[in-house]
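This is run25.pdb. It holds PDB, C-alpha atoms (C1' of nucleotides).
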```
ATOM      1  CA  MET A   1    -151.292   1.463 268.864
ATOM      2  CA  LEU A   2    -150.660  -0.054 272.219
ATOM      3  CA  GLU A   3    -146.977  -0.522 271.835
ATOM      4  CA  TYR A   4    -145.747  -1.889 275.121
ATOM      5  CA  ILE A   5    -146.643  -0.386 278.420
ATOM      6  CA  MET A   6    -143.965  -1.900 280.499
ATOM      7  CA  ALA A   7    -141.668  -4.146 278.491
ATOM      8  CA  LYS A   8    -143.562  -7.126 279.757
ATOM      9  CA  ARG A   9    -141.562  -8.836 282.419
ATOM     10  CA  GLU A  10    -138.816  -9.897 280.005
ATOM     11  CA  TYR A  11    -136.788 -12.940 280.741
ATOM     12  CA  GLU A  12    -136.329 -13.180 284.441
ATOM     13  CA  LEU A  13    -132.730 -13.997 285.027
ATOM     14  CA  GLY A  14    -130.525 -13.424 287.973
ATOM     15  CA  SER A  15    -126.979 -12.486 287.201
ATOM     16  CA  ALA A  16    -125.599 -15.844 288.215
ATOM     17  CA  GLU A  17    -128.117 -17.510 285.999
ATOM     18  CA  PHE A  18    -127.193 -15.234 283.207
ATOM     19  CA  GLN A  19    -123.591 -16.238 283.511
ATOM     20  CA  ILE A  20    -124.545 -19.826 283.164
ATOM     21  CA  LEU A  21    -126.393 -19.052 279.991
ATOM     22  CA  LYS A  22    -123.402 -17.179 278.762
ATOM     23  CA  ALA A  23    -121.289 -20.236 279.274
ATOM     24  CA  LEU A  24    -123.716 -22.300 277.276
ATOM     25  CA  TRP A  25    -123.791 -19.770 274.497
ATOM     26  CA  GLU A  26    -120.061 -19.661 274.341
ATOM     27  CA  LYS A  27    -119.281 -23.318 274.670
ATOM     28  CA  GLY A  28    -122.386 -24.761 273.201
ATOM     29  CA  PRO A  29    -124.314 -27.573 274.884
ATOM     30  CA  SER A  30    -122.368 -28.784 277.876
ATOM     31  CA  PRO A  31    -122.695 -30.928 280.935
ATOM     32  CA  VAL A  32    -122.481 -29.375 284.368
ATOM     33  CA  ARG A  33    -118.820 -30.106 284.666
ATOM     34  CA  ASP A  34    -117.908 -28.176 281.567
ATOM     35  CA  VAL A  35    -119.951 -25.191 282.519
ATOM     36  CA  LEU A  36    -118.239 -25.233 285.849
ATOM     37  CA  THR A  37    -114.841 -25.361 284.263
ATOM     38  CA  HIS A  38    -115.756 -22.551 281.967
ATOM     39  CA  LEU A  39    -116.748 -20.415 284.894
ATOM     40  CA  HIS A  40    -113.626 -21.260 286.805
ATOM     41  CA  GLU A  41    -111.579 -20.242 283.844
ATOM     42  CA  ARG A  42    -113.095 -16.797 284.024
ATOM     43  CA  GLY A  43    -112.301 -16.521 287.687
ATOM     44  CA  ARG A  44    -115.772 -17.338 288.871
ATOM     45  CA  ASN A  45    -115.322 -19.863 291.635
ATOM     46  CA  VAL A  46    -118.491 -21.629 292.466
ATOM     47  CA  ALA A  47    -119.237 -25.143 293.533
ATOM     48  CA  TYR A  48    -120.308 -27.876 291.212
ATOM     49  CA  THR A  49    -123.689 -28.142 292.843
ATOM     50  CA  THR A  50    -124.224 -24.454 292.555
ATOM     51  CA  VAL A  51    -123.902 -24.677 288.836
ATOM     52  CA  GLN A  52    -126.166 -27.624 288.841
ATOM     53  CA  THR A  53    -128.805 -25.824 290.831
ATOM     54  CA  LEU A  54    -128.650 -22.883 288.508
ATOM     55  CA  LEU A  55    -128.918 -25.099 285.484
ATOM     56  CA  THR A  56    -131.888 -26.853 286.985
ATOM     57  CA  ARG A  57    -133.647 -23.634 287.748
ATOM     58  CA  LEU A  58    -132.945 -22.359 284.301
ATOM     59  CA  GLU A  59    -134.467 -25.498 282.965
ATOM     60  CA  GLN A  60    -137.546 -25.078 285.090
ATOM     61  CA  LYS A  61    -137.917 -21.621 283.706
ATOM     62  CA  GLY A  62    -137.571 -23.035 280.249
ATOM     63  CA  PHE A  63    -134.414 -21.200 279.324
ATOM     64  CA  VAL A  64    -132.384 -24.331 279.134
ATOM     65  CA  ALA A  65    -133.052 -27.895 278.088
ATOM     66  CA  SER A  66    -131.142 -31.038 278.799
ATOM     67  CA  ASP A  67    -130.605 -34.460 277.323
ATOM     68  CA  LYS A  68    -129.122 -37.431 278.963
ATOM     69  CA  SER A  69    -126.279 -38.251 276.727
ATOM     70  CA  GLY A  70    -124.073 -40.974 278.070
ATOM     71  CA  LEU A  71    -122.955 -40.357 281.592
ATOM     72  CA  ALA A  72    -124.252 -36.947 282.322
ATOM     73  CA  TYR A  73    -126.941 -34.591 281.212
ATOM     74  CA  VAL A  74    -125.993 -32.125 278.573
ATOM     75  CA  PHE A  75    -127.589 -28.735 278.863
ATOM     76  CA  ARG A  76    -128.230 -26.292 276.117
ATOM     77  CA  ALA A  77    -129.725 -22.841 276.003
ATOM     78  CA  THR A  78    -133.133 -22.636 274.456
ATOM     79  CA  LEU A  79    -132.900 -18.911 273.980
ATOM     80  CA  SER A  80    -130.560 -17.219 271.628
ATOM     81  CA  ARG A  81    -128.169 -14.775 273.096
ATOM     82  CA  ASP A  82    -129.500 -12.193 270.768
ATOM     83  CA  ARG A  83    -132.987 -12.629 271.939
ATOM     84  CA  VAL A  84    -132.014 -12.108 275.502
ATOM     85  CA  ARG A  85    -129.897  -9.150 274.648
ATOM     86  CA  LYS A  86    -132.734  -7.617 272.793
ATOM     87  CA  SER A  87    -135.100  -8.146 275.627
ATOM     88  CA  ARG A  88    -132.694  -6.759 278.136
ATOM     89  CA  ILE A  89    -132.016  -3.687 276.119
ATOM     90  CA  LYS A  90    -135.638  -3.067 275.527
ATOM     91  CA  SER A  91    -136.305  -3.392 279.175
ATOM     92  CA  LEU A  92    -133.550  -0.987 280.061
ATOM     93  CA  VAL A  93    -134.585   1.563 277.517
ATOM     94  CA  SER A  94    -138.085   1.328 278.750
ATOM     95  CA  GLN A  95    -137.039   1.791 282.322
ATOM     96  CA  LEU A  96    -134.535   4.555 281.821
ATOM     97  CA  TYR A  97    -135.974   6.476 278.935
ATOM     98  CA  ASP A  98    -139.586   5.466 278.677
ATOM     99  CA  GLY A  99    -138.825   3.492 275.585
ATOM    100  CA  ALA A 100    -136.916   6.032 273.559
ATOM    101  CA  ALA A 101    -133.707   4.529 272.295
ATOM    102  CA  ALA A 102    -132.049   7.630 270.947
ATOM    103  CA  PRO A 103    -131.277   9.149 274.341
ATOM    104  CA  LEU A 104    -129.467   5.990 275.225
ATOM    105  CA  VAL A 105    -127.171   6.378 272.294
ATOM    106  CA  LEU A 106    -126.737  10.002 273.108
ATOM    107  CA  GLN A 107    -125.706   9.039 276.568
ATOM    108  CA  LEU A 108    -123.189   6.578 275.239
ATOM    109  CA  ILE A 109    -121.800   9.184 272.960
ATOM    110  CA  ARG A 110    -121.534  11.733 275.706
ATOM    111  CA  SER A 111    -119.726   9.398 277.992
ATOM    112  CA  GLY A 112    -117.174   8.647 275.337
ATOM    113  CA  SER A 113    -118.020   5.011 274.975
ATOM    114  CA  PHE A 114    -116.918   4.725 271.400
ATOM    115  CA  SER A 115    -113.530   4.361 269.889
ATOM    116  CA  GLU A 116    -112.746   6.070 266.629
ATOM    117  CA  ASP A 117    -113.174   2.877 264.742
ATOM    118  CA  GLU A 118    -116.495   2.291 266.323
ATOM    119  CA  ILE A 119    -117.581   5.756 265.430
ATOM    120  CA  LYS A 120    -116.705   5.113 261.854
ATOM    121  CA  SER A 121    -118.621   1.874 261.841
ATOM    122  CA  LEU A 122    -121.589   3.516 263.410
ATOM    123  CA  GLN A 123    -121.595   6.265 260.897
ATOM    124  CA  GLN A 124    -121.576   3.739 258.192
ATOM    125  CA  MET A 125    -124.276   1.629 259.723
ATOM    126  CA  ILE A 126    -126.513   4.537 260.304
ATOM    127  CA  ASP A 127    -125.997   5.786 256.829
ATOM    128  CA  GLU A 128    -126.973   2.442 255.458
ATOM    129  CA  LEU A 129    -129.957   2.415 257.692
ATOM    130  CA  ASP A 130    -131.036   5.645 256.190
ATOM    131  CA  THR A 131    -131.086   4.279 252.678
ATOM    132  CA  SER A 132    -131.759   0.591 252.989
ATOM    133  CA  ASP A 133    -135.306  -0.241 253.679
ATOM    134  CA  ASP A 134    -135.912  -3.625 255.101
ATOM    135  CA  GLY A 135    -139.107  -3.499 257.001
ATOM    136  CA  SER A 136    -138.160  -6.308 259.334
ATOM    137  CA  LYS A 137    -140.085  -6.500 262.508
ATOM    138  CA  SER A 138    -139.588  -8.090 265.931
TER     139      SER A 138
ATOM    140  CA  MET B 139    -105.398  -6.548 280.424
ATOM    141  CA  LEU B 140    -107.778  -6.854 283.254
ATOM    142  CA  GLU B 141    -110.389  -4.532 281.926
ATOM    143  CA  TYR B 142    -113.192  -4.919 284.357
ATOM    144  CA  ILE B 143    -114.583  -8.285 285.040
ATOM    145  CA  MET B 144    -117.895  -7.339 286.417
ATOM    146  CA  ALA B 145    -118.705  -3.627 286.164
ATOM    147  CA  LYS B 146    -118.277  -3.149 289.855
ATOM    148  CA  ARG B 147    -121.541  -3.543 291.644
ATOM    149  CA  GLU B 148    -123.042  -0.283 290.346
ATOM    150  CA  TYR B 149    -125.891   1.253 292.225
ATOM    151  CA  GLU B 150    -127.871  -1.537 293.736
ATOM    152  CA  LEU B 151    -131.472  -0.747 293.140
ATOM    153  CA  GLY B 152    -134.442  -2.982 292.968
ATOM    154  CA  SER B 153    -137.054  -2.031 290.457
ATOM    155  CA  ALA B 154    -139.478  -0.823 293.088
ATOM    156  CA  GLU B 155    -136.768   1.313 294.575
ATOM    157  CA  PHE B 156    -135.961   2.662 291.193
ATOM    158  CA  GLN B 157    -139.509   3.727 290.689
ATOM    159  CA  ILE B 158    -139.390   5.649 293.893
ATOM    160  CA  LEU B 159    -136.319   7.464 292.711
ATOM    161  CA  LYS B 160    -138.035   8.173 289.474
ATOM    162  CA  ALA B 161    -140.847   9.803 291.333
ATOM    163  CA  LEU B 162    -138.410  11.985 293.203
ATOM    164  CA  TRP B 163    -136.644  12.950 290.028
ATOM    165  CA  GLU B 164    -139.876  13.857 288.384
ATOM    166  CA  LYS B 165    -141.593  15.651 291.203
ATOM    167  CA  GLY B 166    -138.615  16.928 293.056
ATOM    168  CA  PRO B 167    -138.249  16.542 296.812
ATOM    169  CA  SER B 168    -141.433  15.135 298.217
ATOM    170  CA  PRO B 169    -142.889  13.638 301.346
ATOM    171  CA  VAL B 170    -144.020  10.042 301.378
ATOM    172  CA  ARG B 171    -147.574  10.969 300.647
ATOM    173  CA  ASP B 172    -146.712  12.751 297.438
ATOM    174  CA  VAL B 173    -144.532   9.960 296.196
ATOM    175  CA  LEU B 174    -147.359   7.607 296.896
ATOM    176  CA  THR B 175    -149.783   9.744 294.995
ATOM    177  CA  HIS B 176    -147.400   9.981 292.119
ATOM    178  CA  LEU B 177    -147.132   6.239 291.963
ATOM    179  CA  HIS B 178    -150.859   5.790 292.178
ATOM    180  CA  GLU B 179    -151.283   8.182 289.319
ATOM    181  CA  ARG B 180    -149.163   5.925 287.177
ATOM    182  CA  GLY B 181    -151.227   2.933 288.129
ATOM    183  CA  ARG B 182    -148.815   1.607 290.675
ATOM    184  CA  ASN B 183    -150.904   0.702 293.670
ATOM    185  CA  VAL B 184    -148.853   0.208 296.740
ATOM    186  CA  ALA B 185    -149.449   0.985 300.374
ATOM    187  CA  TYR B 186    -148.238   4.065 302.100
ATOM    188  CA  THR B 187    -145.923   2.116 304.319
ATOM    189  CA  THR B 188    -144.444   0.340 301.372
ATOM    190  CA  VAL B 189    -143.350   3.606 299.918
ATOM    191  CA  GLN B 190    -142.029   4.623 303.249
ATOM    192  CA  THR B 191    -140.026   1.466 303.634
ATOM    193  CA  LEU B 192    -138.567   1.901 300.209
ATOM    194  CA  LEU B 193    -137.682   5.480 300.904
ATOM    195  CA  THR B 194    -136.051   4.487 304.142
ATOM    196  CA  ARG B 195    -134.017   1.790 302.517
ATOM    197  CA  LEU B 196    -132.984   4.130 299.791
ATOM    198  CA  GLU B 197    -131.870   6.529 302.449
ATOM    199  CA  GLN B 198    -129.857   3.864 304.201
ATOM    200  CA  LYS B 199    -128.156   3.153 300.950
ATOM    201  CA  GLY B 200    -127.456   6.804 300.584
ATOM    202  CA  PHE B 201    -129.454   7.325 297.430
ATOM    203  CA  VAL B 202    -131.941   9.562 299.101
ATOM    204  CA  ALA B 203    -131.809  12.115 301.883
ATOM    205  CA  SER B 204    -134.552  13.580 303.985
ATOM    206  CA  ASP B 205    -135.309  16.686 306.003
ATOM    207  CA  LYS B 206    -138.016  17.205 308.482
ATOM    208  CA  SER B 207    -139.865  20.108 307.091
ATOM    209  CA  GLY B 208    -143.027  20.884 308.964
ATOM    210  CA  LEU B 209    -145.234  17.895 309.457
ATOM    211  CA  ALA B 210    -143.533  15.223 307.470
ATOM    212  CA  TYR B 211    -140.123  14.336 306.175
ATOM    213  CA  VAL B 212    -139.310  15.479 302.715
ATOM    214  CA  PHE B 213    -137.176  13.124 300.688
ATOM    215  CA  ARG B 214    -134.934  13.995 297.827
ATOM    216  CA  ALA B 215    -132.724  11.962 295.556
ATOM    217  CA  THR B 216    -129.038  12.368 296.142
ATOM    218  CA  LEU B 217    -128.136  10.863 292.800
ATOM    219  CA  SER B 218    -128.837  12.445 289.522
ATOM    220  CA  ARG B 219    -130.956  10.523 287.134
ATOM    221  CA  ASP B 220    -128.207  10.793 284.630
ATOM    222  CA  ARG B 221    -125.703   9.218 286.880
ATOM    223  CA  VAL B 222    -127.879   6.252 287.485
ATOM    224  CA  ARG B 223    -128.661   5.912 283.846
ATOM    225  CA  LYS B 224    -125.038   5.964 283.019
ATOM    226  CA  SER B 225    -124.231   3.346 285.547
ATOM    227  CA  ARG B 226    -127.042   1.147 284.437
ATOM    228  CA  ILE B 227    -126.063   1.370 280.843
ATOM    229  CA  LYS B 228    -122.495   0.633 281.581
ATOM    230  CA  SER B 229    -123.484  -2.350 283.566
ATOM    231  CA  LEU B 230    -125.699  -3.643 280.809
ATOM    232  CA  VAL B 231    -123.124  -3.130 278.135
ATOM    233  CA  SER B 232    -120.616  -4.898 280.248
ATOM    234  CA  GLN B 233    -122.891  -7.800 280.841
ATOM    235  CA  LEU B 234    -124.228  -8.202 277.353
ATOM    236  CA  TYR B 235    -121.304  -7.181 275.219
ATOM    237  CA  ASP B 236    -118.260  -7.329 277.443
ATOM    238  CA  GLY B 237    -118.107  -3.598 277.542
ATOM    239  CA  ALA B 238    -118.343  -2.778 273.883
ATOM    240  CA  ALA B 239    -120.983  -0.181 273.292
ATOM    241  CA  ALA B 240    -121.119  -0.294 269.551
ATOM    242  CA  PRO B 241    -122.842  -3.672 269.320
ATOM    243  CA  LEU B 242    -125.575  -2.306 271.495
ATOM    244  CA  VAL B 243    -126.239   0.442 269.060
ATOM    245  CA  LEU B 244    -126.095  -2.005 266.246
ATOM    246  CA  GLN B 245    -128.690  -4.068 267.976
ATOM    247  CA  LEU B 246    -130.911  -1.071 268.410
ATOM    248  CA  ILE B 247    -130.521  -0.237 264.789
ATOM    249  CA  ARG B 248    -131.305  -3.746 263.682
ATOM    250  CA  SER B 249    -134.409  -3.946 265.740
ATOM    251  CA  GLY B 250    -135.688  -0.755 264.239
ATOM    252  CA  SER B 251    -135.682   1.246 267.407
ATOM    253  CA  PHE B 252    -135.166   4.566 265.744
ATOM    254  CA  SER B 253    -137.509   6.825 263.929
ATOM    255  CA  GLU B 254    -136.306   8.704 260.897
ATOM    256  CA  ASP B 255    -135.871  11.835 262.888
ATOM    257  CA  GLU B 256    -133.866  10.046 265.457
ATOM    258  CA  ILE B 257    -131.658   8.602 262.800
ATOM    259  CA  LYS B 258    -131.005  12.038 261.470
ATOM    260  CA  SER B 259    -130.143  13.321 264.902
ATOM    261  CA  LEU B 260    -127.885  10.416 265.518
ATOM    262  CA  GLN B 261    -126.052  10.957 262.290
ATOM    263  CA  GLN B 262    -125.498  14.499 263.252
ATOM    264  CA  MET B 263    -124.384  13.714 266.759
ATOM    265  CA  ILE B 264    -121.982  11.108 265.609
ATOM    266  CA  ASP B 265    -120.567  13.368 262.986
ATOM    267  CA  GLU B 266    -119.939  15.998 265.581
ATOM    268  CA  LEU B 267    -118.417  13.426 267.803
ATOM    269  CA  ASP B 268    -115.945  12.688 265.104
ATOM    270  CA  THR B 269    -114.584  16.187 265.111
ATOM    271  CA  SER B 270    -115.101  17.464 268.641
ATOM    272  CA  ASP B 271    -112.663  16.147 271.114
ATOM    273  CA  ASP B 272    -113.581  16.257 274.725
ATOM    274  CA  GLY B 273    -111.747  13.488 276.400
ATOM    275  CA  SER B 274    -114.111  13.308 279.306
ATOM    276  CA  LYS B 275    -114.089  10.148 281.293
ATOM    277  CA  SER B 276    -116.355   8.538 283.822
TER     278      SER B 276
ATOM    279  C1'  DC C 277    -116.188 -57.760 294.312
ATOM    280  C1'  DT C 278    -114.800 -53.257 296.318
ATOM    281  C1'  DG C 279    -113.183 -48.704 296.818
ATOM    282  C1'  DT C 280    -113.118 -44.345 294.345
ATOM    283  C1'  DT C 281    -115.104 -41.094 291.442
ATOM    284  C1'  DC C 282    -118.695 -38.602 289.245
ATOM    285  C1'  DC C 283    -123.455 -37.416 288.625
ATOM    286  C1'  DT C 284    -128.141 -36.392 290.067
ATOM    287  C1'  DA C 285    -131.601 -35.304 293.508
ATOM    288  C1'  DC C 286    -132.805 -33.018 297.643
ATOM    289  C1'  DT C 287    -132.505 -29.936 301.176
ATOM    290  C1'  DA C 288    -130.920 -25.916 303.313
ATOM    291  C1'  DC C 289    -129.919 -21.283 304.304
ATOM    292  C1'  DA C 290    -128.735 -16.391 304.169
ATOM    293  C1'  DC C 291    -129.877 -12.083 301.865
ATOM    294  C1'  DG C 292    -132.159  -8.749 299.222
ATOM    295  C1'  DT C 293    -136.354  -7.011 297.834
ATOM    296  C1'  DG C 294    -141.354  -6.043 297.617
ATOM    297  C1'  DT C 295    -145.233  -5.512 300.540
ATOM    298  C1'  DC C 296    -147.565  -4.415 304.592
ATOM    299  C1'  DG C 297    -149.753  -4.114 309.372
ATOM    300  C1'  DG C 298    -149.870  -2.259 313.968
ATOM    301  C1'  DA C 299    -148.304   0.828 317.716
ATOM    302  C1'  DG C 300    -147.656   5.494 319.048
ATOM    303  C1'  DA C 301    -146.852  10.435 318.687
ATOM    304  C1'  DG C 302    -148.380  15.087 316.970
ATOM    305  C1'  DA C 303    -151.644  18.252 314.836
ATOM    306  C1'  DG C 304    -156.360  19.746 314.266
ATOM    307  C1'  DC C 305    -161.305  19.770 314.657
ATOM    308  C1'  DC C 306    -165.660  20.201 317.519
TER     309       DC C 306
ATOM    310  C1'  DG D 307    -160.140  17.458 326.309
ATOM    311  C1'  DG D 308    -161.205  13.810 323.304
ATOM    312  C1'  DC D 309    -161.590  11.900 318.330
ATOM    313  C1'  DT D 310    -159.496  11.558 314.175
ATOM    314  C1'  DC D 311    -156.054  11.922 310.775
ATOM    315  C1'  DT D 312    -151.527  11.430 309.407
ATOM    316  C1'  DC D 313    -146.856  10.525 310.241
ATOM    317  C1'  DT D 314    -142.956   7.674 311.704
ATOM    318  C1'  DC D 315    -141.024   3.543 313.625
ATOM    319  C1'  DC D 316    -140.716  -1.404 313.892
ATOM    320  C1'  DG D 317    -141.525  -5.794 312.874
ATOM    321  C1'  DA D 318    -142.960  -9.255 309.753
ATOM    322  C1'  DC D 319    -143.290 -12.313 305.855
ATOM    323  C1'  DA D 320    -143.077 -14.408 301.293
ATOM    324  C1'  DC D 321    -140.147 -15.005 297.293
ATOM    325  C1'  DG D 322    -136.336 -15.039 294.393
ATOM    326  C1'  DT D 323    -131.646 -15.784 294.011
ATOM    327  C1'  DG D 324    -126.898 -17.226 295.084
ATOM    328  C1'  DT D 325    -124.480 -20.736 297.193
ATOM    329  C1'  DA D 326    -123.554 -25.146 298.748
ATOM    330  C1'  DG D 327    -123.691 -29.788 301.535
ATOM    331  C1'  DT D 328    -125.205 -34.538 301.666
ATOM    332  C1'  DA D 329    -127.131 -38.916 300.175
ATOM    333  C1'  DG D 330    -127.326 -42.372 297.003
ATOM    334  C1'  DG D 331    -126.796 -44.500 292.563
ATOM    335  C1'  DA D 332    -123.761 -45.580 288.466
ATOM    336  C1'  DA D 333    -119.457 -46.265 286.379
ATOM    337  C1'  DC D 334    -114.939 -47.485 286.537
ATOM    338  C1'  DA D 335    -110.274 -48.944 288.318
ATOM    339  C1'  DG D 336    -107.974 -52.993 290.385
TER     340       DG D 336
END
```

Before anything else, please render the file you have as structure tokens.
Amino acid sequence: MLEYIMAKREYELGSAEFQILKALWEKGPSPVRDVLTHLHERGRNVAYTTVQTLLTRLEQKGFVASDKSGLAYVFRATLSRDRVRKSRIKSLVSQLYDGAAAPLVLQLIRSGSFSEDEIKSLQQMIDELDTSDDGSKS
Amino acid sequence: MLEYIMAKREYELGSAEFQILKALWEKGPSPVRDVLTHLHERGRNVAYTTVQTLLTRLEQKGFVASDKSGLAYVFRATLSRDRVRKSRIKSLVSQLYDGAAAPLVLQLIRSGSFSEDEIKSLQQMIDELDTSDDGSKS
DNA sequence: CTGTTCCTACTACACGTGTCGGAGAGAGCC
DNA sequence: GGCTCTCTCCGACACGTGTAGTAGGAACAG
């Protein structure tokens, strides 16, 4: 079994680009203006053209698609947030722990990253995991 | 509630730089040549001077220190691997899940990242977590 | 029509990062 | 004493990414 040697490049996103995607995930398909507004609302002050550039680049990379609808182009993410999250996590785990996920969780536990409620949920989830047996794959 | 908007810069490391650090963590303090060899052994073919540049930059950033010992400088990491891991994880969690760690674990669970043994260990760790109470913080 | 507004298309530019090459100084070998 | 090997020091360069200005067309207000 080859598994993955290096988490294969993953989705190449800069952090500004990522934030754009986030906006699209949260607001759904939007024109430049709306994405900009969204960002401004979260305290991220960038210029209109900056957002546009980012959106364009994202589109070139295939992470976003656009349709001319009326006055302006409407952009939408072509990747699900989950997919990107998954990829990112995998990449991190691979980089930090050579692919072993458990140490990551251990680390989180040790650094007190969970609230009591979360701990309870986790217990439950893990218990279920133990019994349930869906062999879903990537 | 301000929380943290952006996980504060963290340790700024490029992936090539990170690999250098990794080498130092794994082999302990080493001169350029040894780091290079280490990298070559893992199939990473870079030039001697590349490694040197990286080491130098790392030193400028304060992540590495060096001492002239005999012929060549010996470099050593000034950050623990754990510290960097922690920072990286925090940064990821902040970016992907607005700081909530539990969803990350959920994601790992859903994508079948754990072996049975790991699940068992996790159960145990989390159970302990529930009772033990060290309020350690970052 | 005409001025204002809004959008897109280009172009630009500074930085960080990955990658090296060449010049020069010591250490050793013959 | 030179030749060679190995370091270190600098300088360089291509790319990716973040950020934005400007030009020019389209739409809309009067």

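If you take only C-alpha atoms (C1' of nucleotides) and a cut-off of 8 Å, the residues of chain D that reach chain A are DT323, DG324, DT325 and DA326 of chain D.
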
Requested in this report: Check every residue of chain A for an atom within 9 Å of chain B, counting all atoms listed in the file, and provide those that qualify as a PyMOL selection string.
Outcome: chain A and resi 15+18-19+42-43+81-82+84-86+88-90+92+95-97+100-102+104-116+118-123+125-127+129-130+135-138

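In chain A, the set of residues within 12 Å of chain C (atoms considered: only C-alpha atoms (C1' of nucleotides)) is Pro31, Val32, Arg33, Tyr48, Thr49, Gln52, Thr53, Thr56, Lys68, Gly70, Leu71, Ala72, Tyr73 and Val74 of chain A.
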
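Separating atom CA of Glu266 of chain B from atom CA of Ser225 of chain B is a distance of 24.0 Å.
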
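The space between atom CA of Ser207 of chain B and atom CA of Leu174 of chain B spans 17.8 Å.
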
Query raised in the report: From the list B:Arg214, B:Leu193, B:Glu179, B:Glu150, which residue is nearest Pro167 of chain B when using all atoms listed in the file?
Result: B:Arg214

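Atom C1' of DC311 of chain D is found 27.9 Å from atom CA of Ala215 of chain B.
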